[in-house]
file final-v1.txt (compact mmCIF, C-alpha atoms)
# COMPACT_ATOMS: atom_id res chain seq x y z
CA MET Y 153 119.41 55.69 97.72
CA ASN Y 154 117.32 53.64 95.30
CA GLN Y 155 117.72 53.95 91.56
CA ARG Y 156 115.91 57.10 90.52
CA THR Y 157 114.41 56.31 87.15
CA ALA Y 158 111.01 56.63 85.53
CA ASP Y 159 109.23 55.61 82.35
CA VAL Y 160 106.14 57.58 81.38
CA ARG Y 161 103.79 57.16 78.42
CA ARG Y 162 101.10 59.73 77.61
CA THR Y 163 98.75 59.56 74.64
CA THR Y 164 96.18 62.18 73.65
CA ASN Y 165 94.50 63.20 70.41
CA GLU Y 166 97.39 65.65 69.89
CA THR Y 167 100.52 63.78 70.97
CA ASP Y 168 101.86 60.33 71.74
CA ILE Y 169 104.90 60.53 74.03
CA ALA Y 170 107.14 57.85 75.51
CA LEU Y 171 109.87 59.11 77.83
CA SER Y 172 112.39 57.59 80.21
CA VAL Y 173 114.74 59.41 82.58
CA ASN Y 174 117.51 58.45 84.96
CA LEU Y 175 118.32 61.26 87.39
CA ASP Y 176 121.65 59.63 88.26
CA GLY Y 177 122.87 59.20 84.73
CA THR Y 178 125.77 60.56 82.72
CA GLY Y 179 123.83 62.71 80.24
CA GLU Y 180 123.12 60.03 77.63
CA VAL Y 181 120.58 61.37 75.14
CA ASP Y 182 118.26 59.71 72.62
CA VAL Y 183 115.60 62.22 71.60
CA GLU Y 184 113.23 62.49 68.62
CA THR Y 185 110.40 65.02 68.79
CA GLY Y 186 110.11 66.02 65.14
CA ILE Y 187 111.41 69.54 65.92
CA GLY Y 188 115.15 69.77 65.44
CA PHE Y 189 115.85 72.72 67.72
CA PHE Y 190 113.68 71.24 70.48
CA ASP Y 191 115.68 68.01 70.21
CA HIS Y 192 118.80 70.14 70.62
CA MET Y 193 117.35 71.81 73.75
CA LEU Y 194 116.37 68.50 75.34
CA ALA Y 195 119.82 67.12 74.57
CA ALA Y 196 121.42 70.17 76.23
CA PHE Y 197 119.07 69.76 79.22
CA ALA Y 198 120.05 66.12 79.66
CA ARG Y 199 123.76 66.65 79.10
CA HIS Y 200 124.08 69.56 81.52
CA GLY Y 201 121.83 67.96 84.13
CA LEU Y 202 123.61 64.60 83.75
CA PHE Y 203 120.19 63.03 83.27
CA ASP Y 204 119.94 60.04 80.92
CA LEU Y 205 116.99 60.89 78.71
CA LYS Y 206 115.13 59.00 76.01
CA VAL Y 207 112.17 60.70 74.33
CA ARG Y 208 109.94 59.72 71.44
CA VAL Y 209 107.19 62.10 70.39
CA GLN Y 210 104.59 61.82 67.65
CA GLY Y 211 102.83 65.18 67.62
CA ASP Y 212 100.42 67.10 65.45
CA LEU Y 213 103.17 69.12 63.79
CA GLU Y 214 100.84 69.76 60.87
CA VAL Y 215 99.11 72.19 63.27
CA ASP Y 216 102.27 73.63 64.87
CA GLY Y 217 104.79 72.70 67.54
CA HIS Y 218 102.83 73.88 70.57
CA HIS Y 219 101.31 70.56 71.65
CA THR Y 220 104.56 68.67 71.06
CA VAL Y 221 106.60 71.06 73.20
CA GLU Y 222 104.06 71.58 75.98
CA ASP Y 223 103.14 67.91 76.29
CA THR Y 224 106.79 66.89 76.40
CA GLY Y 225 107.15 69.29 79.34
CA ILE Y 226 104.20 67.60 81.04
CA VAL Y 227 105.65 64.12 80.58
CA LEU Y 228 109.19 65.10 81.59
CA GLY Y 229 107.79 66.77 84.72
CA GLN Y 230 105.77 63.65 85.57
CA ALA Y 231 108.88 61.51 85.09
CA PHE Y 232 110.95 63.74 87.38
CA ALA Y 233 108.29 63.59 90.10
CA GLN Y 234 108.08 59.81 89.80
CA ALA Y 235 111.87 59.34 89.82
CA LEU Y 236 112.30 61.60 92.85
CA GLY Y 237 109.82 59.62 94.93
CA ASP Y 238 109.49 61.02 98.47
CA LYS Y 239 112.60 63.22 97.96
CA ARG Y 240 114.42 61.95 101.01
CA GLY Y 241 118.10 62.82 101.14
CA ILE Y 242 118.17 65.36 98.29
CA ARG Y 243 119.56 68.88 98.38
CA ARG Y 244 116.14 70.21 97.26
CA PHE Y 245 117.40 73.65 96.14
CA GLY Y 246 119.60 74.56 93.20
CA SER Y 247 120.57 77.67 91.27
CA LEU Y 248 122.94 78.83 88.57
CA ALA Y 249 123.60 81.90 86.44
CA LEU Y 250 124.63 80.54 83.04
CA PRO Y 251 126.42 82.61 80.38
CA MET Y 252 126.09 81.79 76.71
CA ASP Y 253 127.87 84.38 74.60
CA GLU Y 254 125.94 87.65 75.15
CA ALA Y 255 123.10 85.89 77.01
CA LEU Y 256 123.08 85.41 80.77
CA VAL Y 257 120.23 83.45 82.36
CA LEU Y 258 119.61 82.71 86.02
CA ALA Y 259 117.68 79.58 86.99
CA ALA Y 260 116.77 78.67 90.55
CA CYS Y 261 114.59 75.82 91.72
CA ASP Y 262 113.02 74.36 94.84
CA LEU Y 263 111.68 70.81 94.64
CA SER Y 264 108.94 71.87 97.03
CA GLY Y 265 106.02 69.92 95.64
CA ARG Y 266 104.42 73.23 94.72
CA GLY Y 267 104.82 73.35 90.96
CA GLN Y 268 105.05 76.84 89.55
CA LEU Y 269 107.09 78.79 87.03
CA HIS Y 270 108.24 82.37 87.50
CA TRP Y 271 109.50 83.56 84.11
CA ALA Y 272 111.26 86.88 83.56
CA LEU Y 273 112.99 86.17 80.27
CA ASP Y 274 112.65 88.43 77.26
CA VAL Y 275 112.61 85.96 74.37
CA PRO Y 276 112.18 87.50 70.90
CA PRO Y 277 109.05 86.04 69.23
CA VAL Y 278 110.88 84.40 66.34
CA MET Y 279 111.22 80.96 64.79
CA ILE Y 280 114.46 79.11 65.49
CA GLY Y 281 114.35 76.56 62.73
CA ALA Y 282 110.92 74.94 63.21
CA PHE Y 283 110.78 75.96 66.90
CA ASP Y 284 108.69 78.93 68.01
CA ALA Y 285 110.93 80.61 70.60
CA THR Y 286 107.93 81.60 72.73
CA LEU Y 287 107.26 77.89 73.39
CA ALA Y 288 110.24 77.71 75.75
CA LYS Y 289 108.05 79.29 78.42
CA GLU Y 290 105.21 76.84 77.71
CA PHE Y 291 107.62 73.92 78.13
CA PHE Y 292 108.82 75.15 81.51
CA ILE Y 293 105.29 75.95 82.75
CA ALA Y 294 104.29 72.35 82.00
CA PHE Y 295 107.49 70.87 83.40
CA ALA Y 296 107.47 72.83 86.67
CA GLY Y 297 103.78 72.16 87.31
CA CYS Y 298 104.07 68.41 86.77
CA ALA Y 299 107.44 68.01 88.50
CA GLY Y 300 106.20 69.86 91.59
CA ALA Y 301 109.10 72.30 91.26
CA THR Y 302 109.14 76.00 91.96
CA LEU Y 303 111.27 77.23 89.09
CA HIS Y 304 112.51 80.76 88.47
CA VAL Y 305 114.05 81.59 85.10
CA ARG Y 306 115.30 85.15 84.77
CA GLY Y 307 117.13 86.81 81.90
CA LEU Y 308 119.99 89.04 82.99
CA ALA Y 309 121.30 89.78 79.48
CA GLY Y 310 120.79 88.61 75.92
CA GLU Y 311 119.82 89.57 72.38
CA ASN Y 312 120.00 86.43 70.26
CA ALA Y 313 116.92 84.20 70.63
CA HIS Y 314 118.90 81.00 70.10
CA HIS Y 315 121.36 81.92 72.84
CA ILE Y 316 118.66 83.05 75.28
CA VAL Y 317 116.53 79.92 74.89
CA GLU Y 318 119.51 77.57 75.01
CA ALA Y 319 120.87 79.30 78.10
CA SER Y 320 117.48 78.84 79.79
CA PHE Y 321 117.47 75.07 79.18
CA LYS Y 322 121.07 74.68 80.31
CA ALA Y 323 120.63 76.87 83.40
CA ALA Y 324 117.46 75.03 84.45
CA ALA Y 325 119.21 71.70 83.97
CA ARG Y 326 122.18 72.75 86.10
CA ALA Y 327 119.91 74.07 88.86
CA LEU Y 328 117.88 70.84 88.82
CA ARG Y 329 121.04 68.75 88.82
CA GLU Y 330 122.09 70.45 92.05
CA ALA Y 331 118.62 70.13 93.58
CA VAL Y 332 118.22 66.38 92.92
CA GLU Y 333 121.71 65.47 94.15
CA PRO Y 334 121.95 63.42 97.33
CA ASP Y 335 123.09 65.42 100.36
CA ALA Y 336 125.56 63.28 102.32
CA ARG Y 337 125.00 65.29 105.50
CA LEU Y 338 121.24 64.84 105.28
CA GLY Y 339 121.35 61.06 104.96
CA ASP Y 340 117.85 59.64 104.46
CA ALA Y 341 116.09 62.60 106.08
CA LEU Y 342 113.56 64.80 104.34
CA PRO Y 343 114.83 68.30 103.48
CA SER Y 344 111.83 69.99 105.11
CA THR Y 345 110.55 70.89 108.58
CA LYS Y 346 107.01 69.96 107.47
CA GLY Y 347 107.63 66.23 107.29
CA ALA Y 348 106.51 66.06 103.66
CA LEU Y 349 107.34 67.59 100.28

call {"tool": "encode", "arguments": {"input": "final-v1.txt", "output": "structure tokens"}}
result
Amino acid sequence: MNQRTADVRRTTNETDIALSVNLDGTGEVDVETGIGFFDHMLAAFARHGLFDLKVRVQGDLEVDGHHTVEDTGIVLGQAFAQALGDKRGIRRFGSLALPMDEALVLAACDLSGRGQLHWALDVPPVMIGAFDATLAKEFFIAFAGCAGATLHVRGLAGENAHHIVEASFKAAARALREAVEPDARLGDALPSTKGAL
């Protein structure tokens, strides 16, 4: 299997983002978005997915964090799609129920090429540092759409916003880690009866 890496740059009037990812990494992280808690979430995502991730974001934080978070999801999704290529030889599906203290979050994904998010997570509408907790959903909408991933994130328990959001990033990362892994039994075949993903 070829090296599965991608470098993506996206510049708009709201954000300037440079991102690189290695799907076969060890979880090395170098992230600066200007939002401390979001940096923490991206670091957790990379570490638990074992994705090497470098992100630099200049966003219009004088407005709020929405564009920074959503656009980072867009660029990370684009990078995943690029790094995956034609998806030959991957497991394609992944899922995990992840506990974090009182929170329990289920994430399941299918790298189907049909990007969509199904979100059933009750996140309190609070600020976690400079991060609006409701932006977690916006990040995953953008990521799933641009990665071509069907992603389900479902809250099974939880009260603390920090724990719920962090569990969602870690659970999604673990599910994606499983989905992108090479399947030795599959070889170089495509994990689909359609002949394309």

call {"tool": "atom_distance", "arguments": {"input": "final-v1.txt", "atom1": "CA of Gly177 (chain Y)", "atom2": "CA of Gln155 (chain Y)"}}
result
10.0 Å

call {"tool": "residues_around", "arguments": {"input": "final-v1.txt", "residues": "region 265-270 of chain Y", "least_positions_apart": "2", "cutoff": "9 Å", "atoms": "all atoms listed in the file", "output": "list in words"}}
result
Ala233, Asp262, Leu263, Ala272, Lys289, Phe292, Ile293, Ala294, Phe295, Ala296, Gly297, Cys298, Ala299, Gly300, Ala301, Thr302, Leu303, His304, Val305, Arg306, Ala348 and Leu349 of chain Y

call {"tool": "closest_atom_pairs", "arguments": {"input": "final-v1.txt", "of": "region 210-293 of chain Y", "to": "region 323-328 of chain Y", "cutoff": "9 Å", "atoms": "only C-alpha atoms", "output": "tab-separated table"}}
result
residue	atom	partner	partner_atom	distance
Y:Arg244	CA	Y:Leu328	CA	8.6
Y:Phe245	CA	Y:Ala327	CA	7.7
Y:Gly246	CA	Y:Ala327	CA	4.4
Y:Ser247	CA	Y:Ala327	CA	4.4
Y:Leu248	CA	Y:Ala327	CA	5.7
Y:Ala249	CA	Y:Ala323	CA	6.6
Y:Leu250	CA	Y:Ala323	CA	5.4
Y:Pro251	CA	Y:Ala323	CA	8.7
Y:Val257	CA	Y:Ala323	CA	6.7
Y:Leu258	CA	Y:Ala323	CA	6.5
Y:Ala259	CA	Y:Ala324	CA	5.2
Y:Ala260	CA	Y:Ala327	CA	5.8
Y:Cys261	CA	Y:Ala327	CA	6.3
Y:Asp262	CA	Y:Leu328	CA	8.5
Y:Leu263	CA	Y:Leu328	CA	8.5

call {"tool": "write_last_selection", "arguments": {"input": "final-v1.txt", "atoms": "C-alpha atoms", "output": "CSV table (one decimal), in the frame of the given file"}}
result
chain,number,residue,atom,x,y,z
Y,244,ARG,CA,116.1,70.2,97.3
Y,245,PHE,CA,117.4,73.6,96.1
Y,246,GLY,CA,119.6,74.6,93.2
Y,247,SER,CA,120.6,77.7,91.3
Y,248,LEU,CA,122.9,78.8,88.6
Y,249,ALA,CA,123.6,81.9,86.4
Y,250,LEU,CA,124.6,80.5,83.0
Y,251,PRO,CA,126.4,82.6,80.4
Y,257,VAL,CA,120.2,83.4,82.4
Y,258,LEU,CA,119.6,82.7,86.0
Y,259,ALA,CA,117.7,79.6,87.0
Y,260,ALA,CA,116.8,78.7,90.6
Y,261,CYS,CA,114.6,75.8,91.7
Y,262,ASP,CA,113.0,74.4,94.8
Y,263,LEU,CA,111.7,70.8,94.6

call {"tool": "residues_around", "arguments": {"input": "final-v1.txt", "residues": "His315 (chain Y)", "least_positions_apart": "6", "cutoff": "8 Å", "atoms": "all atoms listed in the file", "output": "PyMOL selection string"}}
result
chain Y and resi 252-255

call {"tool": "closest_residue", "arguments": {"input": "final-v1.txt", "among": "Y:Val209, Y:Leu228, Y:Leu273, Y:Val215", "to": "Gly186 (chain Y)", "atoms": "only C-alpha atoms"}}
result
Y:Val209

call {"tool": "residues_around", "arguments": {"input": "final-v1.txt", "residues": "Asp176 (chain Y)", "least_positions_apart": "2", "cutoff": "12 Å", "atoms": "only C-alpha atoms", "output": "PyMOL selection string"}}
result
chain Y and resi 153-158+173-174+178-180+198-199+201-205+232+235-236+328-330+332-334

call {"tool": "axis_aligned_box", "arguments": {"input": "final-v1.txt", "around": "region 286-297 of chain Y", "padding_each_side": "5 Å", "output": "JSON"}}
result
{"center_x": 107.0, "center_y": 76.2, "center_z": 80.0, "size_x": 16.5, "size_y": 20.7, "size_z": 24.6}

call {"tool": "closest_residue", "arguments": {"input": "final-v1.txt", "among": "Y:Ile316, Y:Ala231, Y:Gly241, Y:Glu222", "to": "Leu338 (chain Y)", "atoms": "all atoms listed in the file"}}
result
Y:Gly241

call {"tool": "closest_residue", "arguments": {"input": "final-v1.txt", "among": "Y:Gly339, Y:Gly217, Y:Gly225, Y:Pro276", "to": "Phe321 (chain Y)", "atoms": "only C-alpha atoms"}}
result
Y:Gly225

call {"tool": "closest_residue", "arguments": {"input": "final-v1.txt", "among": "Y:Val275, Y:Ile169, Y:Ala336, Y:Met193", "to": "Glu318 (chain Y)", "atoms": "all atoms listed in the file"}}
result
Y:Met193

call {"tool": "atom_distance", "arguments": {"input": "final-v1.txt", "atom1": "CA of Gln230 (chain Y)", "atom2": "CA of Val160 (chain Y)"}}
result
7.4 Å

call {"tool": "atom_distance", "arguments": {"input": "final-v1.txt", "atom1": "CA of Glu290 (chain Y)", "atom2": "CA of Val227 (chain Y)"}}
result
13.0 Å

call {"tool": "closest_residue", "arguments": {"input": "final-v1.txt", "among": "Y:Asp340, Y:Asp216, Y:Glu311, Y:Asp223", "to": "Leu171 (chain Y)", "atoms": "only C-alpha atoms"}}
result
Y:Asp223

call {"tool": "closest_residue", "arguments": {"input": "final-v1.txt", "among": "Y:Leu213, Y:Ala309, Y:Val181, Y:Ile242", "to": "Asp335 (chain Y)", "atoms": "only C-alpha atoms"}}
result
Y:Ile242

call {"tool": "residues_around", "arguments": {"input": "final-v1.txt", "residues": "Gly188 (chain Y)", "least_positions_apart": "3", "cutoff": "12 Å", "atoms": "all atoms listed in the file", "output": "PyMOL selection string"}}
result
chain Y and resi 183-185+191-195+217+221+279-284

call {"tool": "decode", "arguments": {"input": "final-v1.txt", "residues": "region 312-337 of chain Y", "atoms": "N, CA and C atoms", "output": "compact mmCIF listing (two decimals), in the first residue's frame"}}
result
# COMPACT_ATOMS: atom_id res chain seq x y z
N ASN Y 312 -21.09 16.49 31.55
CA ASN Y 312 -20.08 17.53 31.45
C ASN Y 312 -19.74 17.78 29.99
N ALA Y 313 -19.87 19.03 29.54
CA ALA Y 313 -19.66 19.37 28.14
C ALA Y 313 -18.25 19.01 27.67
N HIS Y 314 -17.26 19.29 28.50
CA HIS Y 314 -15.87 18.97 28.15
C HIS Y 314 -15.74 17.47 27.87
N HIS Y 315 -16.26 16.65 28.77
CA HIS Y 315 -16.16 15.21 28.61
C HIS Y 315 -16.91 14.71 27.38
N ILE Y 316 -18.10 15.25 27.14
CA ILE Y 316 -18.91 14.81 26.01
C ILE Y 316 -18.22 15.14 24.69
N VAL Y 317 -17.76 16.37 24.55
CA VAL Y 317 -17.10 16.78 23.31
C VAL Y 317 -15.81 16.00 23.10
N GLU Y 318 -15.01 15.88 24.15
CA GLU Y 318 -13.74 15.16 24.01
C GLU Y 318 -13.99 13.69 23.67
N ALA Y 319 -14.97 13.09 24.28
CA ALA Y 319 -15.30 11.69 23.96
C ALA Y 319 -15.72 11.55 22.50
N SER Y 320 -16.40 12.56 21.96
CA SER Y 320 -16.83 12.48 20.55
C SER Y 320 -15.63 12.51 19.61
N PHE Y 321 -14.65 13.36 19.88
CA PHE Y 321 -13.45 13.42 19.04
C PHE Y 321 -12.64 12.13 19.14
N LYS Y 322 -12.50 11.61 20.35
CA LYS Y 322 -11.72 10.38 20.53
C LYS Y 322 -12.43 9.18 19.91
N ALA Y 323 -13.75 9.10 20.09
CA ALA Y 323 -14.50 7.97 19.54
C ALA Y 323 -14.46 8.00 18.02
N ALA Y 324 -14.65 9.18 17.42
CA ALA Y 324 -14.59 9.29 15.97
C ALA Y 324 -13.22 8.90 15.45
N ALA Y 325 -12.18 9.33 16.15
CA ALA Y 325 -10.82 9.00 15.73
C ALA Y 325 -10.58 7.50 15.77
N ARG Y 326 -11.03 6.84 16.83
CA ARG Y 326 -10.84 5.40 16.95
C ARG Y 326 -11.62 4.64 15.88
N ALA Y 327 -12.84 5.10 15.58
CA ALA Y 327 -13.63 4.46 14.53
C ALA Y 327 -12.96 4.64 13.17
N LEU Y 328 -12.46 5.84 12.91
CA LEU Y 328 -11.77 6.11 11.64
C LEU Y 328 -10.46 5.33 11.54
N ARG Y 329 -9.76 5.22 12.65
CA ARG Y 329 -8.53 4.44 12.66
C ARG Y 329 -8.79 3.01 12.20
N GLU Y 330 -9.86 2.42 12.71
CA GLU Y 330 -10.22 1.06 12.31
C GLU Y 330 -10.61 1.01 10.83
N ALA Y 331 -11.38 2.00 10.39
CA ALA Y 331 -11.88 2.00 9.02
C ALA Y 331 -10.77 2.17 7.97
N VAL Y 332 -9.75 2.97 8.27
CA VAL Y 332 -8.69 3.21 7.29
C VAL Y 332 -7.61 2.14 7.29
N GLU Y 333 -7.63 1.26 8.30
CA GLU Y 333 -6.58 0.24 8.39
C GLU Y 333 -6.62 -0.72 7.21
N PRO Y 334 -5.45 -1.14 6.74
CA PRO Y 334 -5.42 -2.16 5.69
C PRO Y 334 -5.98 -3.48 6.21
N ASP Y 335 -6.71 -4.17 5.36
CA ASP Y 335 -7.29 -5.47 5.67
C ASP Y 335 -6.47 -6.53 4.94
N ALA Y 336 -5.67 -7.28 5.69
CA ALA Y 336 -4.76 -8.25 5.08
C ALA Y 336 -5.50 -9.28 4.23
N ARG Y 337 -6.69 -9.65 4.63
CA ARG Y 337 -7.45 -10.65 3.88
C ARG Y 337 -7.99 -10.09 2.57
